[in-house]
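Student: Below: one structure in structure tokens.
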Amino acid sequence: MTTFALVIASTVIALIIGIPLGILASGSNTLDAILKPALDFMQTMPSFVYLIPAVIFFGLGNVPGIIATVIFAMPPAIRLTNLGIRQIPRELIEVADSFGTTAWQKLVKVQLPVALPTIMAGINQCIMLALSMTVIASMIGAGGLGLNVLKGIQRVDIGGGFEAGLAIVIVAIVLDRLTQNLVRR
């Protein structure tokens, strides 16, 4: 449950920040140009490095684990939201404009529904990256299954570490299936 709570909390925070940033970046080439190097930096930085400032500012425990996980998991949500909205056919935008829709109506009734499969892929990737960060976040005191994997590594407890790793995989599969079913509905 601790792992599940850590993943859900960090994913929700990452999506609350990431999806609106992706929407804004899709409408502004300047913001997109500013975000690209930042997102590249966030995605290429080794995940262990995120732990250092989190520990310095927030100490040990779940809070720095969530913050490091948010930073690590947010880029796919931003990138895929931006990409999904930018790939909408120009004809659909012209049709919406010809019917006199406002920018908000165009976003909510045309752009987001058409881009939803791509946005959901970003949400799914965000969840998977958050799960992958649970083991790393356990190094700074975040609890859950990641801590059990870390203990298995430290004590050379192959069975215990494998069991916790398998549980993380099962949580990943469950969350993946849940997000896939949301798209179908």
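Letters A, B, ... go to the chains of the structure tokens in the order shown; residues in each chain start at 1; ligands are counted from 1 in the same order.
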For Leu129 of chain A, list every protein, DNA or RNA residue within 8 Å, evaluated using only C-alpha atoms, and leave out those in the same chain fewer than 2 positions away; present the list as a ChimeraX atom specification.

Tutor: /A:69,72-73,125-127,131-133

Student: For the residues in that selection, give me N, CA and C atoms as a PDB file, in the first residue's frame.

Tutor:
```pdb
ATOM      1  N   THR A  69      10.482  11.583  -7.440  1.00  0.00           N
ATOM      2  CA  THR A  69       9.688  10.793  -8.382  1.00  0.00           C
ATOM      3  C   THR A  69       8.897  11.689  -9.320  1.00  0.00           C
ATOM      4  N   PHE A  72      11.250  13.000 -11.924  1.00  0.00           N
ATOM      5  CA  PHE A  72      11.677  11.928 -12.821  1.00  0.00           C
ATOM      6  C   PHE A  72      10.556  11.491 -13.765  1.00  0.00           C
ATOM      7  N   ALA A  73       9.306  11.491 -13.290  1.00  0.00           N
ATOM      8  CA  ALA A  73       8.199  10.923 -14.061  1.00  0.00           C
ATOM      9  C   ALA A  73       7.430  11.935 -14.904  1.00  0.00           C
ATOM     10  N   GLN A 125       3.180   6.189 -19.212  1.00  0.00           N
ATOM     11  CA  GLN A 125       4.636   6.269 -19.041  1.00  0.00           C
ATOM     12  C   GLN A 125       4.997   6.958 -17.728  1.00  0.00           C
ATOM     13  N   CYS A 126       4.222   7.946 -17.357  1.00  0.00           N
ATOM     14  CA  CYS A 126       4.446   8.640 -16.084  1.00  0.00           C
ATOM     15  C   CYS A 126       4.300   7.657 -14.916  1.00  0.00           C
ATOM     16  N   ILE A 127       3.277   6.832 -14.970  1.00  0.00           N
ATOM     17  CA  ILE A 127       3.050   5.833 -13.915  1.00  0.00           C
ATOM     18  C   ILE A 127       4.200   4.829 -13.877  1.00  0.00           C
ATOM     19  N   LEU A 131       6.846   4.128 -10.838  1.00  0.00           N
ATOM     20  CA  LEU A 131       7.085   2.804 -10.240  1.00  0.00           C
ATOM     21  C   LEU A 131       8.562   2.438 -10.279  1.00  0.00           C
ATOM     22  N   SER A 132       9.229   2.773 -11.359  1.00  0.00           N
ATOM     23  CA  SER A 132      10.649   2.439 -11.434  1.00  0.00           C
ATOM     24  C   SER A 132      11.469   3.236 -10.424  1.00  0.00           C
ATOM     25  N   MET A 133      10.958   4.386 -10.046  1.00  0.00           N
ATOM     26  CA  MET A 133      11.678   5.234  -9.092  1.00  0.00           C
ATOM     27  C   MET A 133      11.462   4.778  -7.649  1.00  0.00           C
TER      28      MET A 133
END
```

Student: Pick out the residues sitting within 9 Å of Ala142 of chain A, and hand them over as a PDB file with C-alpha atoms, in the first residue's frame; count only C-alpha atoms, and ignore anything fewer than 2 positions along from it in its own chain.

Tutor:
```pdb
ATOM      1  CA  THR A   2       2.880   2.377   0.696  1.00  0.00           C
ATOM      2  CA  THR A   3       4.276   1.791  -2.796  1.00  0.00           C
ATOM      3  CA  LEU A   6       3.801   6.801  -3.337  1.00  0.00           C
ATOM      4  CA  LEU A  60      14.797  11.654   4.601  1.00  0.00           C
ATOM      5  CA  GLY A  61      11.439   9.946   4.125  1.00  0.00           C
ATOM      6  CA  ASN A  62       8.511   9.782   1.748  1.00  0.00           C
ATOM      7  CA  VAL A  63       8.313  13.504   0.905  1.00  0.00           C
ATOM      8  CA  PRO A  64      11.715  13.728  -0.829  1.00  0.00           C
ATOM      9  CA  GLY A  65      10.928  10.393  -2.484  1.00  0.00           C
ATOM     10  CA  ILE A  66       7.728  11.811  -3.926  1.00  0.00           C
ATOM     11  CA  THR A 134      10.217   3.504  -5.999  1.00  0.00           C
ATOM     12  CA  VAL A 135      13.299   1.326  -5.536  1.00  0.00           C
ATOM     13  CA  ILE A 136      15.638   4.292  -5.936  1.00  0.00           C
ATOM     14  CA  ALA A 137      13.534   6.468  -3.606  1.00  0.00           C
ATOM     15  CA  SER A 138      13.846   3.790  -0.931  1.00  0.00           C
ATOM     16  CA  MET A 139      17.512   4.777  -0.606  1.00  0.00           C
ATOM     17  CA  ILE A 140      16.428   8.031   1.050  1.00  0.00           C
ATOM     18  CA  GLY A 144       7.128   0.358   0.373  1.00  0.00           C
ATOM     19  CA  GLY A 146      11.328  -0.497  -2.969  1.00  0.00           C
ATOM     20  CA  LEU A 147      12.622  -0.692   0.588  1.00  0.00           C
TER      21      LEU A 147
END
```

Student: So that I can see what lies close to Ala172 of chain A, please list as a ChimeraX atom specification the residues with an atom at most 9 Å from it, counting only C-alpha atoms and leaving out residues fewer than 3 positions away in the same chain.

Tutor: /A:127-128,131,167-169,175-177

Student: Any chance you could export the current selection's C-alpha atoms as an mmCIF file, in the first residue's frame?

Tutor:
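Writing the result to selection30.cif gives the following:
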```cif
data_model
loop_
_atom_site.group_PDB
_atom_site.id
_atom_site.type_symbol
_atom_site.label_atom_id
_atom_site.label_comp_id
_atom_site.auth_asym_id
_atom_site.auth_seq_id
_atom_site.Cartn_x
_atom_site.Cartn_y
_atom_site.Cartn_z
ATOM 1 C CA ILE A 127 3.050 5.833 -13.915
ATOM 2 C CA MET A 128 5.697 3.358 -15.085
ATOM 3 C CA LEU A 131 7.085 2.804 -10.240
ATOM 4 C CA ALA A 167 5.193 -7.372 -6.464
ATOM 5 C CA ILE A 168 6.306 -4.103 -8.118
ATOM 6 C CA VAL A 169 5.821 -5.738 -11.519
ATOM 7 C CA LEU A 175 -1.938 0.175 -13.109
ATOM 8 C CA ASP A 176 -1.178 -0.319 -16.808
ATOM 9 C CA ARG A 177 -4.412 -2.237 -17.354
#
```

Student: Compare A:Val7, A:Ile78, A:Ala68, A:Val114 by their minimum atom-to-atom distance to Asp32 of chain A, counting only C-alpha atoms, and give me the closest one.

Tutor: A:Ile78

Student: So, counting only C-alpha atoms, which residue among A:Gly18, A:Gly100, A:Gly84, A:Gly141 is closest to Pro113 of chain A?

Tutor: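 Checking each of A:Gly18, A:Gly100, A:Gly84, A:Gly141 against Pro113 of chain A, counting only C-alpha atoms, the winner is A:Gly84.
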
Student: Fewer than 5 positions away in the same chain doesn't count, so skip those; otherwise give me all residues within 9 Å of Ala9 of chain A, counting only C-alpha atoms, as a PyMOL selection string.

Tutor: chain A and resi 4+14+66+70

Student: Please, could you write that set of residues out with C-alpha atoms as a PDB file, in the first residue's frame?

Tutor:
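Once everything was written out, this is selection19.pdb:
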```pdb
ATOM      1  CA  PHE A   4       0.833   2.292  -4.300  1.00  0.00           C
ATOM      2  CA  ALA A  14       3.269  15.070 -12.027  1.00  0.00           C
ATOM      3  CA  ILE A  66       7.728  11.811  -3.926  1.00  0.00           C
ATOM      4  CA  VAL A  70       7.610  13.720  -9.660  1.00  0.00           C
TER       5      VAL A  70
END
```

Student: DSSP on the backbone, alpha helix (DSSP H) only: what residues of chain A does that give? Format it as a VMD selection string.

Tutor: chain A and resid 2 to 27 29 to 44 51 to 58 62 to 86 90 to 98 103 to 106 112 to 137 145 to 154 158 to 184

Student: Fewer than 5 positions away in the same chain doesn't count, so skip those; otherwise give me all residues within 12 Å of segment 88-94 of chain A, counting only C-alpha atoms, as a PyMOL selection string.

Tutor: chain A and resi 26+81-83+99-103+105-107+109-118

Student: Just the selected residues (N, CA, C and O atoms), exported as a PDB file, in the first residue's frame, please.

Tutor:
```
ATOM      1  N   SER A  26       1.943  23.237 -26.422  1.00  0.00           N
ATOM      2  CA  SER A  26       1.411  22.944 -27.759  1.00  0.00           C
ATOM      3  C   SER A  26       0.905  24.207 -28.448  1.00  0.00           C
ATOM      4  O   SER A  26       0.847  24.261 -29.667  1.00  0.00           O
ATOM      5  N   THR A  81       1.578  15.050 -24.175  1.00  0.00           N
ATOM      6  CA  THR A  81       0.430  15.955 -24.274  1.00  0.00           C
ATOM      7  C   THR A  81       0.686  16.973 -25.379  1.00  0.00           C
ATOM      8  O   THR A  81      -0.181  17.231 -26.221  1.00  0.00           O
ATOM      9  N   ASN A  82       1.865  17.558 -25.389  1.00  0.00           N
ATOM     10  CA  ASN A  82       2.260  18.516 -26.423  1.00  0.00           C
ATOM     11  C   ASN A  82       2.178  17.869 -27.807  1.00  0.00           C
ATOM     12  O   ASN A  82       1.584  18.429 -28.737  1.00  0.00           O
ATOM     13  N   LEU A  83       2.749  16.686 -27.938  1.00  0.00           N
ATOM     14  CA  LEU A  83       2.761  15.987 -29.214  1.00  0.00           C
ATOM     15  C   LEU A  83       1.349  15.652 -29.684  1.00  0.00           C
ATOM     16  O   LEU A  83       1.009  15.847 -30.849  1.00  0.00           O
ATOM     17  N   PHE A  99     -17.069  27.060 -36.816  1.00  0.00           N
ATOM     18  CA  PHE A  99     -18.292  27.015 -36.018  1.00  0.00           C
ATOM     19  C   PHE A  99     -18.289  28.056 -34.900  1.00  0.00           C
ATOM     20  O   PHE A  99     -19.219  28.125 -34.112  1.00  0.00           O
ATOM     21  N   GLY A 100     -17.222  28.827 -34.811  1.00  0.00           N
ATOM     22  CA  GLY A 100     -17.164  29.917 -33.845  1.00  0.00           C
ATOM     23  C   GLY A 100     -16.858  29.485 -32.418  1.00  0.00           C
ATOM     24  O   GLY A 100     -17.276  30.141 -31.472  1.00  0.00           O
ATOM     25  N   THR A 101     -16.110  28.415 -32.252  1.00  0.00           N
ATOM     26  CA  THR A 101     -15.788  27.967 -30.897  1.00  0.00           C
ATOM     27  C   THR A 101     -14.761  28.895 -30.263  1.00  0.00           C
ATOM     28  O   THR A 101     -13.923  29.481 -30.946  1.00  0.00           O
ATOM     29  N   THR A 102     -14.857  29.012 -28.977  1.00  0.00           N
ATOM     30  CA  THR A 102     -13.848  29.759 -28.231  1.00  0.00           C
ATOM     31  C   THR A 102     -12.614  28.875 -28.087  1.00  0.00           C
ATOM     32  O   THR A 102     -12.663  27.671 -28.366  1.00  0.00           O
ATOM     33  N   ALA A 103     -11.530  29.460 -27.623  1.00  0.00           N
ATOM     34  CA  ALA A 103     -10.293  28.680 -27.438  1.00  0.00           C
ATOM     35  C   ALA A 103     -10.523  27.561 -26.427  1.00  0.00           C
ATOM     36  O   ALA A 103     -10.021  26.441 -26.597  1.00  0.00           O
ATOM     37  N   GLN A 105     -13.462  26.043 -25.677  1.00  0.00           N
ATOM     38  CA  GLN A 105     -14.303  25.017 -26.292  1.00  0.00           C
ATOM     39  C   GLN A 105     -13.508  24.158 -27.268  1.00  0.00           C
ATOM     40  O   GLN A 105     -13.679  22.943 -27.318  1.00  0.00           O
ATOM     41  N   LYS A 106     -12.638  24.806 -28.037  1.00  0.00           N
ATOM     42  CA  LYS A 106     -11.812  24.070 -28.989  1.00  0.00           C
ATOM     43  C   LYS A 106     -10.904  23.082 -28.259  1.00  0.00           C
ATOM     44  O   LYS A 106     -10.744  21.942 -28.686  1.00  0.00           O
ATOM     45  N   LEU A 107     -10.330  23.533 -27.137  1.00  0.00           N
ATOM     46  CA  LEU A 107      -9.448  22.664 -26.365  1.00  0.00           C
ATOM     47  C   LEU A 107     -10.214  21.475 -25.786  1.00  0.00           C
ATOM     48  O   LEU A 107      -9.806  20.328 -25.950  1.00  0.00           O
ATOM     49  N   LYS A 109     -13.424  20.333 -26.399  1.00  0.00           N
ATOM     50  CA  LYS A 109     -14.319  19.525 -27.237  1.00  0.00           C
ATOM     51  C   LYS A 109     -13.664  18.961 -28.497  1.00  0.00           C
ATOM     52  O   LYS A 109     -14.209  18.063 -29.113  1.00  0.00           O
ATOM     53  N   VAL A 110     -12.503  19.496 -28.878  1.00  0.00           N
ATOM     54  CA  VAL A 110     -11.847  19.000 -30.092  1.00  0.00           C
ATOM     55  C   VAL A 110     -10.454  18.465 -29.783  1.00  0.00           C
ATOM     56  O   VAL A 110     -10.171  17.291 -30.007  1.00  0.00           O
ATOM     57  N   GLN A 111      -9.588  19.325 -29.252  1.00  0.00           N
ATOM     58  CA  GLN A 111      -8.182  18.952 -29.129  1.00  0.00           C
ATOM     59  C   GLN A 111      -7.951  17.837 -28.116  1.00  0.00           C
ATOM     60  O   GLN A 111      -7.260  16.860 -28.426  1.00  0.00           O
ATOM     61  N   LEU A 112      -8.478  17.980 -26.904  1.00  0.00           N
ATOM     62  CA  LEU A 112      -8.226  16.943 -25.893  1.00  0.00           C
ATOM     63  C   LEU A 112      -8.833  15.591 -26.267  1.00  0.00           C
ATOM     64  O   LEU A 112      -8.162  14.564 -26.120  1.00  0.00           O
ATOM     65  N   PRO A 113     -10.090  15.537 -26.755  1.00  0.00           N
ATOM     66  CA  PRO A 113     -10.610  14.214 -27.139  1.00  0.00           C
ATOM     67  C   PRO A 113      -9.825  13.549 -28.271  1.00  0.00           C
ATOM     68  O   PRO A 113      -9.604  12.340 -28.244  1.00  0.00           O
ATOM     69  N   VAL A 114      -9.376  14.336 -29.253  1.00  0.00           N
ATOM     70  CA  VAL A 114      -8.618  13.746 -30.358  1.00  0.00           C
ATOM     71  C   VAL A 114      -7.231  13.311 -29.887  1.00  0.00           C
ATOM     72  O   VAL A 114      -6.713  12.272 -30.303  1.00  0.00           O
ATOM     73  N   ALA A 115      -6.631  14.087 -28.989  1.00  0.00           N
ATOM     74  CA  ALA A 115      -5.284  13.782 -28.502  1.00  0.00           C
ATOM     75  C   ALA A 115      -5.286  12.799 -27.334  1.00  0.00           C
ATOM     76  O   ALA A 115      -4.205  12.424 -26.864  1.00  0.00           O
ATOM     77  N   LEU A 116      -6.445  12.389 -26.876  1.00  0.00           N
ATOM     78  CA  LEU A 116      -6.528  11.555 -25.671  1.00  0.00           C
ATOM     79  C   LEU A 116      -5.690  10.274 -25.723  1.00  0.00           C
ATOM     80  O   LEU A 116      -5.018   9.960 -24.732  1.00  0.00           O
ATOM     81  N   PRO A 117      -5.663   9.510 -26.815  1.00  0.00           N
ATOM     82  CA  PRO A 117      -4.811   8.312 -26.799  1.00  0.00           C
ATOM     83  C   PRO A 117      -3.327   8.629 -26.562  1.00  0.00           C
ATOM     84  O   PRO A 117      -2.649   7.919 -25.823  1.00  0.00           O
ATOM     85  N   THR A 118      -2.841   9.700 -27.158  1.00  0.00           N
ATOM     86  CA  THR A 118      -1.444  10.083 -26.958  1.00  0.00           C
ATOM     87  C   THR A 118      -1.220  10.583 -25.539  1.00  0.00           C
ATOM     88  O   THR A 118      -0.201  10.264 -24.911  1.00  0.00           O
TER      89      THR A 118
END
```

Student: State, in Å with one decimal place, the distance from atom CA of Thr44 of chain A to atom CA of Ala77 of chain A.

Tutor: 15.6 Å

Student: Between atom CA of Glu163 of chain A and atom CA of Ser47 of chain A, what is the distance in Å, rounded to a tenth?

Tutor: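 Between atom CA of Glu163 of chain A and atom CA of Ser47 of chain A the gap is 23.1 Å.
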
Student: Work out how far apart atom CA of Leu24 of chain A and atom CA of Gln43 of chain A are and give it in Å to one decimal.

Tutor: 19.9 Å

Student: Restricting the calculation to only C-alpha atoms, which member of A:Ile158, A:Leu150, A:Ala121, A:Val12 is positioned closest to Thr179 of chain A?

Tutor: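 Checking each of A:Ile158, A:Leu150, A:Ala121, A:Val12 against Thr179 of chain A, counting only C-alpha atoms, the winner is A:Ala121.
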